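Chemist: Quick one, input.cif (mmCIF, N, CA and C atoms; chains and numbers go by the auth columns):
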data_my_file
loop_
_atom_site.group_PDB
_atom_site.id
_atom_site.type_symbol
_atom_site.label_atom_id
_atom_site.label_comp_id
_atom_site.label_asym_id
_atom_site.label_seq_id
_atom_site.Cartn_x
_atom_site.Cartn_y
_atom_site.Cartn_z
_atom_site.B_iso_or_equiv
_atom_site.auth_seq_id
_atom_site.auth_asym_id
ATOM 1 N N MET A 1 193.118 148.461 15.555 0.00 29 A
ATOM 2 C CA MET A 1 192.551 148.990 14.337 0.00 29 A
ATOM 3 C C MET A 1 191.441 149.961 14.688 0.00 29 A
ATOM 4 N N TYR A 2 191.551 151.185 14.274 0.00 30 A
ATOM 5 C CA TYR A 2 190.590 152.233 14.595 0.00 30 A
ATOM 6 C C TYR A 2 190.022 152.766 13.288 0.00 30 A
ATOM 7 N N ILE A 3 188.715 152.658 13.128 0.00 31 A
ATOM 8 C CA ILE A 3 188.062 153.090 11.890 0.00 31 A
ATOM 9 C C ILE A 3 187.065 154.188 12.231 0.00 31 A
ATOM 10 N N TYR A 4 187.125 155.291 11.507 0.00 32 A
ATOM 11 C CA TYR A 4 186.157 156.369 11.680 0.00 32 A
ATOM 12 C C TYR A 4 185.586 156.701 10.305 0.00 32 A
ATOM 13 N N PRO A 5 184.431 156.107 9.963 0.00 33 A
ATOM 14 C CA PRO A 5 183.922 156.209 8.594 0.00 33 A
ATOM 15 C C PRO A 5 183.125 157.481 8.321 0.00 33 A
ATOM 16 N N ASP A 6 182.759 157.656 7.073 0.00 34 A
ATOM 17 C CA ASP A 6 181.831 158.689 6.608 0.00 34 A
ATOM 18 C C ASP A 6 182.293 160.096 6.923 0.00 34 A
ATOM 19 N N ASN A 7 183.563 160.385 6.762 0.00 35 A
ATOM 20 C CA ASN A 7 184.081 161.737 6.928 0.00 35 A
ATOM 21 C C ASN A 7 183.670 162.374 8.251 0.00 35 A
ATOM 22 N N LEU A 8 183.906 161.668 9.332 0.00 36 A
ATOM 23 C CA LEU A 8 183.633 162.108 10.707 0.00 36 A
ATOM 24 C C LEU A 8 182.147 162.266 11.017 0.00 36 A
ATOM 25 N N LYS A 9 181.265 161.655 10.239 0.00 37 A
ATOM 26 C CA LYS A 9 179.833 161.730 10.526 0.00 37 A
ATOM 27 C C LYS A 9 179.280 160.414 11.044 0.00 37 A
ATOM 28 N N GLY A 10 180.014 159.320 10.899 0.00 38 A
ATOM 29 C CA GLY A 10 179.556 158.014 11.363 0.00 38 A
ATOM 30 C C GLY A 10 180.030 157.731 12.778 0.00 38 A
ATOM 31 N N LYS A 11 179.544 156.626 13.308 0.00 39 A
ATOM 32 C CA LYS A 11 179.963 156.207 14.648 0.00 39 A
ATOM 33 C C LYS A 11 181.350 155.594 14.576 0.00 39 A
ATOM 34 N N SER A 12 182.164 155.899 15.564 0.00 40 A
ATOM 35 C CA SER A 12 183.501 155.314 15.600 0.00 40 A
ATOM 36 C C SER A 12 183.396 153.865 16.060 0.00 40 A
ATOM 37 N N THR A 13 184.110 152.987 15.389 0.00 41 A
ATOM 38 C CA THR A 13 184.038 151.558 15.688 0.00 41 A
ATOM 39 C C THR A 13 185.436 150.989 15.876 0.00 41 A
ATOM 40 N N MET A 14 185.469 149.911 16.624 0.00 42 A
ATOM 41 C CA MET A 14 186.698 149.147 16.784 0.00 42 A
ATOM 42 C C MET A 14 186.320 147.687 16.618 0.00 42 A
ATOM 43 N N PHE A 15 186.870 147.045 15.597 0.00 43 A
ATOM 44 C CA PHE A 15 186.538 145.681 15.205 0.00 43 A
ATOM 45 C C PHE A 15 185.048 145.601 14.877 0.00 43 A
ATOM 46 N N LEU A 16 184.237 144.924 15.661 0.00 44 A
ATOM 47 C CA LEU A 16 182.819 144.769 15.350 0.00 44 A
ATOM 48 C C LEU A 16 181.901 145.554 16.285 0.00 44 A
ATOM 49 N N TRP A 17 182.471 146.394 17.149 0.00 45 A
ATOM 50 C CA TRP A 17 181.668 147.115 18.130 0.00 45 A
ATOM 51 C C TRP A 17 181.944 148.607 18.046 0.00 45 A
ATOM 52 N N THR A 18 181.008 149.400 18.580 0.00 46 A
ATOM 53 C CA THR A 18 181.283 150.823 18.748 0.00 46 A
ATOM 54 C C THR A 18 182.261 150.971 19.907 0.00 46 A
ATOM 55 N N LEU A 19 182.882 152.118 20.012 0.00 47 A
ATOM 56 C CA LEU A 19 183.866 152.298 21.089 0.00 47 A
ATOM 57 C C LEU A 19 183.218 152.227 22.468 0.00 47 A
ATOM 58 N N ARG A 20 181.986 152.728 22.583 0.00 48 A
ATOM 59 C CA ARG A 20 181.278 152.642 23.866 0.00 48 A
ATOM 60 C C ARG A 20 181.022 151.181 24.233 0.00 48 A
ATOM 61 N N GLY A 21 180.568 150.387 23.267 0.00 49 A
ATOM 62 C CA GLY A 21 180.326 148.965 23.514 0.00 49 A
ATOM 63 C C GLY A 21 181.599 148.225 23.867 0.00 49 A
ATOM 64 N N MET A 22 182.688 148.566 23.187 0.00 50 A
ATOM 65 C CA MET A 22 183.974 147.930 23.479 0.00 50 A
ATOM 66 C C MET A 22 184.428 148.262 24.900 0.00 50 A
ATOM 67 N N LEU A 23 184.220 149.490 25.328 0.00 51 A
ATOM 68 C CA LEU A 23 184.581 149.889 26.689 0.00 51 A
ATOM 69 C C LEU A 23 183.757 149.115 27.714 0.00 51 A
ATOM 70 N N VAL A 24 182.451 148.972 27.475 0.00 52 A
ATOM 71 C CA VAL A 24 181.591 148.212 28.390 0.00 52 A
ATOM 72 C C VAL A 24 182.037 146.757 28.443 0.00 52 A
ATOM 73 N N ILE A 25 182.390 146.178 27.299 0.00 53 A
ATOM 74 C CA ILE A 25 182.812 144.782 27.257 0.00 53 A
ATOM 75 C C ILE A 25 184.129 144.587 28.010 0.00 53 A
ATOM 76 N N ILE A 26 185.079 145.488 27.833 0.00 54 A
ATOM 77 C CA ILE A 26 186.374 145.350 28.511 0.00 54 A
ATOM 78 C C ILE A 26 186.225 145.487 30.017 0.00 54 A
ATOM 79 N N ILE A 27 185.481 146.505 30.461 0.00 55 A
ATOM 80 C CA ILE A 27 185.277 146.700 31.908 0.00 55 A
ATOM 81 C C ILE A 27 184.469 145.532 32.485 0.00 55 A
ATOM 82 N N GLY A 28 183.437 145.099 31.765 0.00 56 A
ATOM 83 C CA GLY A 28 182.638 143.959 32.227 0.00 56 A
ATOM 84 C C GLY A 28 183.441 142.677 32.297 0.00 56 A
ATOM 85 N N ALA A 29 184.341 142.471 31.333 0.00 57 A
ATOM 86 C CA ALA A 29 185.181 141.268 31.354 0.00 57 A
ATOM 87 C C ALA A 29 186.139 141.293 32.541 0.00 57 A
ATOM 88 N N ALA A 30 186.696 142.463 32.841 0.00 58 A
ATOM 89 C CA ALA A 30 187.596 142.563 33.990 0.00 58 A
ATOM 90 C C ALA A 30 186.846 142.310 35.300 0.00 58 A
ATOM 91 N N LEU A 31 185.661 142.903 35.440 0.00 59 A
ATOM 92 C CA LEU A 31 184.883 142.694 36.667 0.00 59 A
ATOM 93 C C LEU A 31 184.374 141.251 36.773 0.00 59 A
ATOM 94 N N SER A 32 183.979 140.667 35.669 0.00 60 A
ATOM 95 C CA SER A 32 183.502 139.283 35.726 0.00 60 A
ATOM 96 C C SER A 32 184.648 138.310 36.012 0.00 60 A
ATOM 97 N N ALA A 33 185.856 138.624 35.545 0.00 61 A
ATOM 98 C CA ALA A 33 187.010 137.785 35.896 0.00 61 A
ATOM 99 C C ALA A 33 187.291 137.866 37.389 0.00 61 A
ATOM 100 N N ALA A 34 187.146 139.064 37.963 0.00 62 A
ATOM 101 C CA ALA A 34 187.336 139.215 39.408 0.00 62 A
ATOM 102 C C ALA A 34 186.261 138.456 40.175 0.00 62 A
ATOM 103 N N CYS A 35 185.006 138.537 39.713 0.00 63 A
ATOM 104 C CA CYS A 35 183.920 137.791 40.367 0.00 63 A
ATOM 105 C C CYS A 35 184.136 136.287 40.262 0.00 63 A
ATOM 106 N N ALA A 36 184.623 135.834 39.116 0.00 64 A
ATOM 107 C CA ALA A 36 184.868 134.401 38.945 0.00 64 A
ATOM 108 C C ALA A 36 185.996 133.924 39.837 0.00 64 A
ATOM 109 N N THR A 37 186.996 134.767 40.030 0.00 65 A
ATOM 110 C CA THR A 37 188.129 134.378 40.860 0.00 65 A
ATOM 111 C C THR A 37 187.779 134.372 42.339 0.00 65 A
ATOM 112 N N VAL A 38 187.135 135.436 42.782 0.00 66 A
ATOM 113 C CA VAL A 38 186.874 135.596 44.213 0.00 66 A
ATOM 114 C C VAL A 38 185.627 134.841 44.655 0.00 66 A
ATOM 115 N N LEU A 39 184.528 134.996 43.926 0.00 67 A
ATOM 116 C CA LEU A 39 183.244 134.451 44.366 0.00 67 A
ATOM 117 C C LEU A 39 182.834 133.166 43.651 0.00 67 A
ATOM 118 N N HIS A 40 183.615 132.733 42.670 0.00 68 A
ATOM 119 C CA HIS A 40 183.311 131.541 41.885 0.00 68 A
ATOM 120 C C HIS A 40 181.953 131.647 41.191 0.00 68 A
ATOM 121 N N LEU A 41 181.653 132.846 40.680 0.00 69 A
ATOM 122 C CA LEU A 41 180.423 133.076 39.933 0.00 69 A
ATOM 123 C C LEU A 41 180.747 133.217 38.453 0.00 69 A
ATOM 124 N N MET A 42 180.064 132.460 37.616 0.00 70 A
ATOM 125 C CA MET A 42 180.280 132.540 36.174 0.00 70 A
ATOM 126 C C MET A 42 179.210 133.372 35.474 0.00 70 A
ATOM 127 N N LEU A 43 178.128 133.711 36.170 0.00 71 A
ATOM 128 C CA LEU A 43 177.024 134.445 35.560 0.00 71 A
ATOM 129 C C LEU A 43 177.442 135.803 34.998 0.00 71 A
ATOM 130 N N PRO A 44 178.260 136.616 35.694 0.00 72 A
ATOM 131 C CA PRO A 44 178.665 137.891 35.090 0.00 72 A
ATOM 132 C C PRO A 44 179.428 137.726 33.778 0.00 72 A
ATOM 133 N N GLY A 45 180.250 136.711 33.672 0.00 73 A
ATOM 134 C CA GLY A 45 180.971 136.455 32.430 0.00 73 A
ATOM 135 C C GLY A 45 180.036 136.061 31.298 0.00 73 A
ATOM 136 N N VAL A 46 179.024 135.273 31.624 0.00 74 A
ATOM 137 C CA VAL A 46 178.036 134.880 30.622 0.00 74 A
ATOM 138 C C VAL A 46 177.248 136.099 30.158 0.00 74 A
ATOM 139 N N LEU A 47 176.868 136.963 31.089 0.00 75 A
ATOM 140 C CA LEU A 47 176.128 138.172 30.728 0.00 75 A
ATOM 141 C C LEU A 47 176.960 139.104 29.852 0.00 75 A
ATOM 142 N N VAL A 48 178.234 139.243 30.153 0.00 76 A
ATOM 143 C CA VAL A 48 179.113 140.066 29.315 0.00 76 A
ATOM 144 C C VAL A 48 179.253 139.451 27.926 0.00 76 A
ATOM 145 N N GLY A 49 179.347 138.141 27.850 0.00 77 A
ATOM 146 C CA GLY A 49 179.425 137.465 26.557 0.00 77 A
ATOM 147 C C GLY A 49 178.165 137.641 25.729 0.00 77 A
ATOM 148 N N VAL A 50 177.000 137.563 26.372 0.00 78 A
ATOM 149 C CA VAL A 50 175.737 137.778 25.668 0.00 78 A
ATOM 150 C C VAL A 50 175.639 139.222 25.183 0.00 78 A
ATOM 151 N N TYR A 51 176.045 140.166 26.037 0.00 79 A
ATOM 152 C CA TYR A 51 176.047 141.573 25.628 0.00 79 A
ATOM 153 C C TYR A 51 176.981 141.796 24.440 0.00 79 A
ATOM 154 N N ALA A 52 178.155 141.179 24.479 0.00 80 A
ATOM 155 C CA ALA A 52 179.114 141.324 23.380 0.00 80 A
ATOM 156 C C ALA A 52 178.542 140.745 22.089 0.00 80 A
ATOM 157 N N PHE A 53 177.853 139.614 22.181 0.00 81 A
ATOM 158 C CA PHE A 53 177.266 139.024 20.990 0.00 81 A
ATOM 159 C C PHE A 53 176.143 139.887 20.421 0.00 81 A
ATOM 160 N N LEU A 54 175.288 140.419 21.300 0.00 82 A
ATOM 161 C CA LEU A 54 174.143 141.192 20.830 0.00 82 A
ATOM 162 C C LEU A 54 174.516 142.567 20.292 0.00 82 A
ATOM 163 N N THR A 55 175.664 143.100 20.676 0.00 83 A
ATOM 164 C CA THR A 55 176.043 144.431 20.211 0.00 83 A
ATOM 165 C C THR A 55 177.044 144.396 19.058 0.00 83 A
ATOM 166 N N MET A 56 177.343 143.222 18.508 0.00 84 A
ATOM 167 C CA MET A 56 178.224 143.151 17.351 0.00 84 A
ATOM 168 C C MET A 56 177.560 143.813 16.159 0.00 84 A
ATOM 169 N N ARG A 57 178.293 144.653 15.463 0.00 85 A
ATOM 170 C CA ARG A 57 177.774 145.354 14.283 0.00 85 A
ATOM 171 C C ARG A 57 178.071 144.540 13.039 0.00 85 A
ATOM 172 N N ILE A 58 177.014 144.236 12.299 0.00 86 A
ATOM 173 C CA ILE A 58 177.143 143.499 11.048 0.00 86 A
ATOM 174 C C ILE A 58 176.771 144.458 9.920 0.00 86 A
ATOM 175 N N GLY A 59 177.667 144.685 9.006 0.00 87 A
ATOM 176 C CA GLY A 59 177.387 145.573 7.893 0.00 87 A
ATOM 177 C C GLY A 59 177.512 147.042 8.236 0.00 87 A
ATOM 178 N N GLY A 60 177.971 147.378 9.410 0.00 88 A
ATOM 179 C CA GLY A 60 178.235 148.766 9.765 0.00 88 A
ATOM 180 C C GLY A 60 177.106 149.486 10.466 0.00 88 A
ATOM 181 N N GLU A 61 175.868 149.291 10.062 0.00 89 A
ATOM 182 C CA GLU A 61 174.771 150.082 10.620 0.00 89 A
ATOM 183 C C GLU A 61 173.974 149.351 11.697 0.00 89 A
ATOM 184 N N LEU A 62 173.650 148.103 11.452 0.00 90 A
ATOM 185 C CA LEU A 62 172.774 147.368 12.361 0.00 90 A
ATOM 186 C C LEU A 62 173.573 146.356 13.172 0.00 90 A
ATOM 187 N N ASN A 63 173.131 146.161 14.421 0.00 91 A
ATOM 188 C CA ASN A 63 173.761 145.128 15.227 0.00 91 A
ATOM 189 C C ASN A 63 172.811 143.937 15.338 0.00 91 A
ATOM 190 N N ILE A 64 173.265 142.884 15.969 0.00 92 A
ATOM 191 C CA ILE A 64 172.499 141.642 16.003 0.00 92 A
ATOM 192 C C ILE A 64 171.192 141.814 16.769 0.00 92 A
ATOM 193 N N SER A 65 171.183 142.622 17.812 0.00 93 A
ATOM 194 C CA SER A 65 169.928 142.837 18.549 0.00 93 A
ATOM 195 C C SER A 65 168.900 143.562 17.687 0.00 93 A
ATOM 196 N N ASP A 66 169.335 144.412 16.749 0.00 94 A
ATOM 197 C CA ASP A 66 168.393 145.040 15.821 0.00 94 A
ATOM 198 C C ASP A 66 167.741 143.996 14.922 0.00 94 A
ATOM 199 N N TYR A 67 168.539 143.054 14.406 0.00 95 A
ATOM 200 C CA TYR A 67 167.985 141.988 13.581 0.00 95 A
ATOM 201 C C TYR A 67 166.986 141.146 14.359 0.00 95 A
ATOM 202 N N ILE A 68 167.297 140.831 15.607 0.00 96 A
ATOM 203 C CA ILE A 68 166.378 140.040 16.432 0.00 96 A
ATOM 204 C C ILE A 68 165.096 140.816 16.686 0.00 96 A
ATOM 205 N N ARG A 69 165.214 142.102 16.983 0.00 97 A
ATOM 206 C CA ARG A 69 164.031 142.939 17.219 0.00 97 A
ATOM 207 C C ARG A 69 163.162 143.028 15.958 0.00 97 A
ATOM 208 N N PHE A 70 163.772 143.184 14.773 0.00 98 A
ATOM 209 C CA PHE A 70 163.011 143.233 13.530 0.00 98 A
ATOM 210 C C PHE A 70 162.308 141.904 13.264 0.00 98 A
ATOM 211 N N ALA A 71 162.973 140.784 13.555 0.00 99 A
ATOM 212 C CA ALA A 71 162.364 139.467 13.342 0.00 99 A
ATOM 213 C C ALA A 71 161.182 139.255 14.277 0.00 99 A
ATOM 214 N N VAL A 72 161.322 139.653 15.547 0.00 100 A
ATOM 215 C CA VAL A 72 160.207 139.510 16.497 0.00 100 A
ATOM 216 C C VAL A 72 159.037 140.375 16.060 0.00 100 A
ATOM 217 N N ARG A 73 159.310 141.590 15.621 0.00 101 A
ATOM 218 C CA ARG A 73 158.246 142.473 15.168 0.00 101 A
ATOM 219 C C ARG A 73 157.548 141.897 13.935 0.00 101 A
ATOM 220 N N PHE A 74 158.300 141.333 13.010 0.00 102 A
ATOM 221 C CA PHE A 74 157.707 140.810 11.782 0.00 102 A
ATOM 222 C C PHE A 74 156.905 139.542 12.035 0.00 102 A
ATOM 223 N N PHE A 75 157.461 138.604 12.817 0.00 103 A
ATOM 224 C CA PHE A 75 156.823 137.306 12.974 0.00 103 A
ATOM 225 C C PHE A 75 155.827 137.238 14.120 0.00 103 A
ATOM 226 N N ILE A 76 155.950 138.082 15.152 0.00 104 A
ATOM 227 C CA ILE A 76 155.126 137.905 16.344 0.00 104 A
ATOM 228 C C ILE A 76 154.199 139.088 16.606 0.00 104 A
ATOM 229 N N THR A 77 154.723 140.299 16.697 0.00 105 A
ATOM 230 C CA THR A 77 153.924 141.405 17.207 0.00 105 A
ATOM 231 C C THR A 77 153.149 142.182 16.157 0.00 105 A
ATOM 232 N N THR A 78 153.553 142.153 14.895 0.00 106 A
ATOM 233 C CA THR A 78 152.863 142.919 13.862 0.00 106 A
ATOM 234 C C THR A 78 151.942 142.005 13.082 0.00 106 A
ATOM 235 N N GLN A 79 150.714 142.485 12.855 0.00 107 A
ATOM 236 C CA GLN A 79 149.754 141.690 12.114 0.00 107 A
ATOM 237 C C GLN A 79 150.136 141.684 10.633 0.00 107 A
ATOM 238 N N GLN A 80 150.105 140.502 10.044 0.00 108 A
ATOM 239 C CA GLN A 80 150.413 140.356 8.630 0.00 108 A
ATOM 240 C C GLN A 80 149.106 140.327 7.837 0.00 108 A
ATOM 241 N N ASP A 81 149.047 141.057 6.746 0.00 109 A
ATOM 242 C CA ASP A 81 147.870 141.080 5.886 0.00 109 A
ATOM 243 C C ASP A 81 148.170 140.310 4.611 0.00 109 A
ATOM 244 N N PHE A 82 147.315 139.349 4.305 0.00 110 A
ATOM 245 C CA PHE A 82 147.453 138.568 3.087 0.00 110 A
ATOM 246 C C PHE A 82 146.190 138.746 2.266 0.00 110 A
ATOM 247 N N PHE A 83 146.333 139.028 1.010 0.00 111 A
ATOM 248 C CA PHE A 83 145.207 139.194 0.108 0.00 111 A
ATOM 249 C C PHE A 83 145.279 138.120 -0.964 0.00 111 A
ATOM 250 N N TRP A 84 144.228 137.297 -1.012 0.00 112 A
ATOM 251 C CA TRP A 84 144.175 136.204 -1.971 0.00 112 A
ATOM 252 C C TRP A 84 143.209 136.591 -3.076 0.00 112 A
ATOM 253 N N ARG A 85 143.591 136.274 -4.294 0.00 113 A
ATOM 254 C CA ARG A 85 142.736 136.599 -5.426 0.00 113 A
ATOM 255 C C ARG A 85 142.721 135.383 -6.355 0.00 113 A
ATOM 256 N N PHE A 86 141.523 135.091 -6.881 0.00 114 A
ATOM 257 C CA PHE A 86 141.364 133.960 -7.799 0.00 114 A
ATOM 258 C C PHE A 86 141.347 134.503 -9.226 0.00 114 A
ATOM 259 N N ASP A 87 142.292 134.090 -10.032 0.00 115 A
ATOM 260 C CA ASP A 87 142.333 134.497 -11.444 0.00 115 A
ATOM 261 C C ASP A 87 141.803 133.359 -12.289 0.00 115 A
ATOM 262 N N GLY A 88 140.514 133.372 -12.536 0.00 116 A
ATOM 263 C CA GLY A 88 139.991 132.273 -13.334 0.00 116 A
ATOM 264 C C GLY A 88 138.671 132.539 -13.964 0.00 116 A
#
Hey, can you dump this file as structure tokens for me?

Modeler:
Amino acid sequence: MYIYPDNLKGKSTMFLWTLRGMLVIIIGAALSAACATVLHLMLPGVLVGVYAFLTMRIGGELNISDYIRFAVRFFITTQQDFFWRFDG
């Protein structure tokens, strides 16, 4: 399934990833399968899986890593201002 939205102005996507991300995931999966077979290492496969999860596009524009970055900025790194007022 190949989708090219917004009259050739949007990013091309395949399933839940951009085509560049899908290419990285496929090549990474092939290399991690080779590493798992030859060297008995599972870490490359885990890293490819984490990358695939973080680059999934939800709603077309933002991916999961964007949501995580926005949450960290809101809850941890940006100062929140609260103004209390007494109506009485």

Chemist: Using only N, CA and C atoms, which residue out of A:Asp109, A:Thr83, A:Phe102, A:Ser93 lies closest to Thr46 of chain A?

Modeler: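 Going through A:Asp109, A:Thr83, A:Phe102, A:Ser93 one by one, the smallest distance to Thr46 of chain A is for A:Thr83.
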
Chemist: Report, in Å to a single decimal, how far apart atom N of Ala80 of chain A and atom N of Leu67 of chain A are.

Modeler: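 Distance reported for this atom pair: 21.4 Å.
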
Chemist: Based on DSSP run over this structure's backbone, return all residues of chain A in alpha helix (DSSP H), as an MDAnalysis selection string.

Modeler: chainID A and resid 47:66 71:82 92:100

Chemist: Have a look at A:Ser60, A:Thr41, A:Gln107, A:Thr65 and name the one nearest to Ile86 of chain A; count only C-alpha atoms.

Modeler: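 Under the stated criterion, the closest residue is A:Thr41.
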
Chemist: Would you compute the distance between atom CA of Asp94 of chain A and atom CA of Thr106 of chain A? Give it in Å to one decimal.

Modeler: 15.8 Å

Chemist: Considering all atoms listed in the file, can you say which of A:Val76, A:Leu71, A:Leu59, A:Met84 comes closest to Phe43 of chain A?

Modeler: A:Met84

Chemist: Pick the closest to Leu75 of chain A from A:Leu90, A:Phe111, A:Gly56, A:Ile96: which is it, counting all atoms listed in the file?

Modeler: A:Gly56

Chemist: Mind giving me the straight-line distance from atom CA of Trp45 of chain A to atom CA of Gly77 of chain A in Å, one decimal?

Modeler: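 Taking atom CA of Trp45 of chain A and atom CA of Gly77 of chain A, their separation equals 13.0 Å.
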
Chemist: Take every atom of segment 42-53 of chain A listed in the file, fit an axis-aligned box around them, add 8 Å per side, and give the centre and edge lengths in Å to one decimal as lines of an AutoDock Vina configuration file.

Modeler:
center_x = 183.6
center_y = 148.7
center_z = 21.7
size_x = 22.5
size_y = 24.1
size_z = 29.6

Chemist: From chain A, collect each residue whose DSSP state is strand (DSSP E) and return the set as a ChimeraX atom specification.

Modeler: /A:41-42,45-46,85-86,90-91

Chemist: Kindly save the residues from that selection, with N, CA and C atoms included, as a PDB file, in the coordinates of the input.

Modeler:
ATOM      1  N   THR A  41     184.110 152.987  15.389  1.00  0.00           N
ATOM      2  CA  THR A  41     184.038 151.558  15.688  1.00  0.00           C
ATOM      3  C   THR A  41     185.436 150.989  15.876  1.00  0.00           C
ATOM      4  N   MET A  42     185.469 149.911  16.624  1.00  0.00           N
ATOM      5  CA  MET A  42     186.698 149.147  16.784  1.00  0.00           C
ATOM      6  C   MET A  42     186.320 147.687  16.618  1.00  0.00           C
ATOM      7  N   TRP A  45     182.471 146.394  17.149  1.00  0.00           N
ATOM      8  CA  TRP A  45     181.668 147.115  18.130  1.00  0.00           C
ATOM      9  C   TRP A  45     181.944 148.607  18.046  1.00  0.00           C
ATOM     10  N   THR A  46     181.008 149.400  18.580  1.00  0.00           N
ATOM     11  CA  THR A  46     181.283 150.823  18.748  1.00  0.00           C
ATOM     12  C   THR A  46     182.261 150.971  19.907  1.00  0.00           C
ATOM     13  N   ARG A  85     178.293 144.653  15.463  1.00  0.00           N
ATOM     14  CA  ARG A  85     177.774 145.354  14.283  1.00  0.00           C
ATOM     15  C   ARG A  85     178.071 144.540  13.039  1.00  0.00           C
ATOM     16  N   ILE A  86     177.014 144.236  12.299  1.00  0.00           N
ATOM     17  CA  ILE A  86     177.143 143.499  11.048  1.00  0.00           C
ATOM     18  C   ILE A  86     176.771 144.458   9.920  1.00  0.00           C
ATOM     19  N   LEU A  90     173.650 148.103  11.452  1.00  0.00           N
ATOM     20  CA  LEU A  90     172.774 147.368  12.361  1.00  0.00           C
ATOM     21  C   LEU A  90     173.573 146.356  13.172  1.00  0.00           C
ATOM     22  N   ASN A  91     173.131 146.161  14.421  1.00  0.00           N
ATOM     23  CA  ASN A  91     173.761 145.128  15.227  1.00  0.00           C
ATOM     24  C   ASN A  91     172.811 143.937  15.338  1.00  0.00           C
TER      25      ASN A  91
END

Chemist: Within 12 Å of Leu44 of chain A, counting only C-alpha atoms, which residues show up once you throw out same-chain ones fewer than 5 positions away? Write them as a list in words, please.

Modeler: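 Residues meeting the cut-off are Met29, Tyr30, Ile31, Lys39, Gly49, Met50, Ile53, Ala80, Phe81, Leu82, Thr83, Met84, Arg85, Ile86, Gly87, Gly88, Glu89, Leu90, Asn91 and Ile92 of chain A.
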